[in-house]
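Novice: So that you have it, the file is my_file.cif, and it contains mmCIF, C-alpha atoms:
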data_entry
#
loop_
_atom_site.group_PDB
_atom_site.id
_atom_site.type_symbol
_atom_site.label_atom_id
_atom_site.label_comp_id
_atom_site.auth_asym_id
_atom_site.auth_seq_id
_atom_site.Cartn_x
_atom_site.Cartn_y
_atom_site.Cartn_z
ATOM 1 C CA MET A 1 120.449 34.734 99.799
ATOM 2 C CA ALA A 2 118.182 33.172 102.412
ATOM 3 C CA PHE A 3 119.334 30.391 104.691
ATOM 4 C CA ASP A 4 117.736 27.046 105.523
ATOM 5 C CA GLY A 5 115.822 27.574 108.765
ATOM 6 C CA GLU A 6 115.532 23.857 109.458
ATOM 7 C CA LEU A 7 119.294 23.393 109.173
ATOM 8 C CA ALA A 8 119.768 26.381 111.508
ATOM 9 C CA ARG A 9 117.459 24.735 114.046
ATOM 10 C CA ARG A 10 119.423 21.479 113.856
ATOM 11 C CA VAL A 11 122.752 23.306 114.251
ATOM 12 C CA ARG A 12 121.398 25.070 117.360
ATOM 13 C CA GLU A 13 120.217 21.735 118.820
ATOM 14 C CA GLN A 14 123.540 20.016 118.260
ATOM 15 C CA TRP A 15 125.484 23.052 119.471
ATOM 16 C CA LEU A 16 123.482 23.035 122.707
ATOM 17 C CA GLN A 17 124.312 19.355 123.245
ATOM 18 C CA VAL A 18 128.054 19.945 122.781
ATOM 19 C CA ALA A 19 128.558 23.386 124.323
ATOM 20 C CA GLY A 20 125.712 23.478 126.847
ATOM 21 C CA THR A 21 124.619 26.911 125.590
ATOM 22 C CA LEU A 22 123.120 28.306 122.430
ATOM 23 C CA PRO A 23 125.512 29.986 119.973
ATOM 24 C CA ASP A 24 125.756 33.672 119.310
ATOM 25 C CA GLU A 25 124.374 34.296 115.839
ATOM 26 C CA LYS A 26 125.053 36.971 113.240
ATOM 27 C CA ARG A 27 123.675 37.473 109.791
ATOM 28 C CA MET A 28 126.617 37.600 107.389
ATOM 29 C CA PHE A 29 127.292 36.948 103.716
ATOM 30 C CA GLY A 30 123.522 36.816 103.097
ATOM 31 C CA GLY A 31 123.326 33.834 105.452
ATOM 32 C CA LEU A 32 123.631 33.039 109.128
ATOM 33 C CA CYS A 33 126.882 32.615 111.096
ATOM 34 C CA PHE A 34 127.302 30.896 114.435
ATOM 35 C CA MET A 35 129.957 32.395 116.685
ATOM 36 C CA LEU A 36 132.138 30.804 119.374
ATOM 37 C CA ALA A 37 133.986 33.177 121.726
ATOM 38 C CA GLY A 38 133.523 35.960 119.176
ATOM 39 C CA ASN A 39 134.964 33.936 116.273
ATOM 40 C CA MET A 40 133.000 32.634 113.331
ATOM 41 C CA CYS A 41 132.663 28.874 113.819
ATOM 42 C CA CYS A 42 130.232 27.792 111.110
ATOM 43 C CA GLY A 43 127.340 29.151 109.127
ATOM 44 C CA ILE A 44 124.562 28.479 106.693
ATOM 45 C CA LEU A 45 124.473 29.828 103.158
ATOM 46 C CA GLY A 46 121.336 28.762 101.352
ATOM 47 C CA GLU A 47 120.967 25.080 102.165
ATOM 48 C CA ARG A 48 124.668 24.403 102.721
ATOM 49 C CA LEU A 49 126.769 24.419 105.847
ATOM 50 C CA LEU A 50 129.807 26.670 105.895
ATOM 51 C CA ALA A 51 132.378 24.869 108.039
ATOM 52 C CA ARG A 52 135.416 26.698 109.403
ATOM 53 C CA VAL A 53 137.827 23.809 109.901
ATOM 54 C CA GLY A 54 141.182 25.573 109.637
ATOM 55 C CA PRO A 55 144.068 25.037 107.245
ATOM 56 C CA GLN A 56 145.469 21.867 108.855
ATOM 57 C CA ALA A 57 142.276 19.783 108.551
ATOM 58 C CA TYR A 58 141.198 21.395 105.274
ATOM 59 C CA ASP A 59 142.699 19.006 102.695
ATOM 60 C CA ALA A 60 141.552 15.842 104.484
ATOM 61 C CA LEU A 61 138.019 17.143 105.069
ATOM 62 C CA LEU A 62 137.647 18.216 101.439
ATOM 63 C CA LEU A 63 137.672 14.491 100.613
ATOM 64 C CA GLU A 64 134.489 13.901 102.664
ATOM 65 C CA PRO A 65 131.215 13.336 100.763
ATOM 66 C CA GLY A 66 129.410 16.586 99.987
ATOM 67 C CA ALA A 67 132.428 18.779 100.774
ATOM 68 C CA SER A 68 133.684 21.479 98.424
ATOM 69 C CA GLU A 69 135.906 24.545 98.559
ATOM 70 C CA MET A 70 134.321 27.746 99.692
ATOM 71 C CA ASP A 71 134.807 30.172 96.843
ATOM 72 C CA PHE A 72 132.384 32.852 97.938
ATOM 73 C CA THR A 73 134.735 35.580 96.691
ATOM 74 C CA GLY A 74 135.678 33.718 93.499
ATOM 75 C CA ARG A 75 138.838 32.363 95.124
ATOM 76 C CA PRO A 76 138.984 29.325 97.422
ATOM 77 C CA MET A 77 139.321 30.194 101.108
ATOM 78 C CA LYS A 78 141.644 27.629 102.666
ATOM 79 C CA GLY A 79 140.200 26.480 105.972
ATOM 80 C CA MET A 80 136.566 27.044 104.945
ATOM 81 C CA ILE A 81 134.489 24.233 103.439
ATOM 82 C CA MET A 82 130.963 24.163 102.038
ATOM 83 C CA VAL A 83 128.970 21.026 102.859
ATOM 84 C CA ASP A 84 126.003 20.061 100.677
ATOM 85 C CA ASP A 85 122.635 19.660 102.317
ATOM 86 C CA ALA A 86 122.208 16.149 100.860
ATOM 87 C CA VAL A 87 124.757 14.717 103.320
ATOM 88 C CA LEU A 88 123.618 16.875 106.246
ATOM 89 C CA SER A 89 120.259 15.146 106.599
ATOM 90 C CA ASP A 90 122.071 12.618 108.821
ATOM 91 C CA ASP A 91 122.480 14.074 112.343
ATOM 92 C CA GLU A 92 125.696 12.114 112.826
ATOM 93 C CA VAL A 93 127.256 13.724 109.744
ATOM 94 C CA LEU A 94 126.186 17.186 110.884
ATOM 95 C CA GLN A 95 127.675 16.488 114.320
ATOM 96 C CA ARG A 96 131.013 15.433 112.799
ATOM 97 C CA TRP A 97 131.209 18.663 110.807
ATOM 98 C CA LEU A 98 130.322 20.780 113.831
ATOM 99 C CA SER A 99 132.930 18.936 115.893
ATOM 100 C CA ALA A 100 135.579 19.730 113.271
ATOM 101 C CA CYS A 101 134.581 23.400 113.455
ATOM 102 C CA PHE A 102 134.682 23.451 117.272
ATOM 103 C CA GLU A 103 138.058 21.727 117.283
ATOM 104 C CA PHE A 104 139.613 24.478 115.171
ATOM 105 C CA VAL A 105 137.825 27.550 116.522
ATOM 106 C CA ARG A 106 138.474 26.623 120.157
ATOM 107 C CA LEU A 107 142.190 27.104 119.394
ATOM 108 C CA LEU A 108 141.660 30.749 118.417
ATOM 109 C CA PRO A 109 141.907 33.574 120.952
ATOM 110 C CA ALA A 110 138.537 34.932 122.070
ATOM 111 C CA LYS A 111 137.483 38.247 120.582
#
Turn this file's structure into structure tokens for me.

Specialist:
Amino acid sequence: MAFDGELARRVREQWLQVAGTLPDEKRMFGGLCFMLAGNMCCGILGERLLARVGPQAYDALLLEPGASEMDFTGRPMKGMIMVDDAVLSDDEVLQRWLSACFEFVRLLPAK
């Protein structure tokens, strides 16, 4: 599965604004993952954003427009949300999702 290069560019731009540096990137799951302190923070699968928001924010964020469970393995992965590209065209929406990812992943120990 290829990933949306334009969405990847926008994620890098917004990441740079928030973190002051570009993210580490790894190709995973047939897509692209962005890493923070060695932990997967978010990614792109096809044209959708994979948001790692953690189990505490999961239920509330699933109610957001364009959000759905990540069931990459056939079973939902609590703490991981897929966000449809239709809602990500708005930079403000993309920034909110990235902020939710940063908020959770910054709590994890560095690898």

Novice: Leaving out Arg12 in chain A and any residue of its chain fewer than 4 positions from it, which residues lie within 7 Å of it when counting only C-alpha atoms, given as number ranges by chain?

Specialist: A: 8, 16, 22-23

Novice: Export C-alpha atoms of the chosen residues as a compact mmCIF listing (two decimals), keeping the file's coordinate frame?

Specialist:
# COMPACT_ATOMS: atom_id res chain seq x y z
CA ALA A 8 119.77 26.38 111.51
CA LEU A 16 123.48 23.04 122.71
CA LEU A 22 123.12 28.31 122.43
CA PRO A 23 125.51 29.99 119.97

Novice: So what does the PyMOL selection byres ((chain A and resi 9) around 12) actually pick up in this one, as a PyMOL selection string?

Specialist: chain A and resi 3-8+10-16+22-23+25+32+34+43-44+91+94

Novice: Distance CA of Met82 in chain A-CA of Gly66 in chain A, one decimal place?

Specialist: 8.0 Å

Novice: Give me the box for range 19-25 of chain A as AutoDock Vina command-line options, namely the centre and edge lengths in Å to one decimal of a box along x, y and z that holds every listed atom plus 3 Å on each side.

Specialist:
--center_x 125.8 --center_y 28.8 --center_z 121.3 --size_x 11.4 --size_y 16.9 --size_z 17.0

Novice: Between CA of Leu62 in chain A and CA of Thr21 in chain A, what is the spacing in Å?

Specialist: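 Straight-line distance from CA of Thr21 in chain A to CA of Leu62 in chain A works out to 28.8 Å.
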
Novice: Would you mind listing what lies within 7 Å of range 107-111 of chain A as an MDAnalysis selection string, with all atoms listed in the file counted and same-chain residues fewer than 3 positions away left out?

Specialist: chainID A and resid 37:39 104

Novice: To one decimal place in Å, what is the distance between CA of Leu36 in chain A and CA of Glu92 in chain A?

Specialist: 20.8 Å

Novice: Need to verify the contact set: Leu61 in chain A, 9 Å, only C-alpha atoms, exclusion of same-chain residues closer than 5 positions in sequence. Can you return it as a ChimeraX atom specification?

Specialist: /A:53,67,81,100

Novice: Calculated over all atoms listed in the file, which of the candidates A:Leu88, A:Val93, A:Ala51, A:Val18 has the smallest distance to Val105 in chain A?

Specialist: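 Under the stated criterion, the closest residue is A:Ala51.
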
Novice: When you look at Ser68 in chain A with a cut-off of 12 Å (counting all atoms listed in the file), what residues show up, excluding the ones that are within fewer than 3 positions of it in the same chain? I need them as a ChimeraX atom specification.

Specialist: /A:48-51,58-65,71-72,76-85

Novice: Smallest atom-to-atom distance to Cys33 in chain A: which of A:Gly54, A:Leu45, A:Ala86, A:Phe102, using all atoms listed in the file?

Specialist: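 The shortest atom-to-atom distance to Cys33 in chain A comes from A:Leu45.
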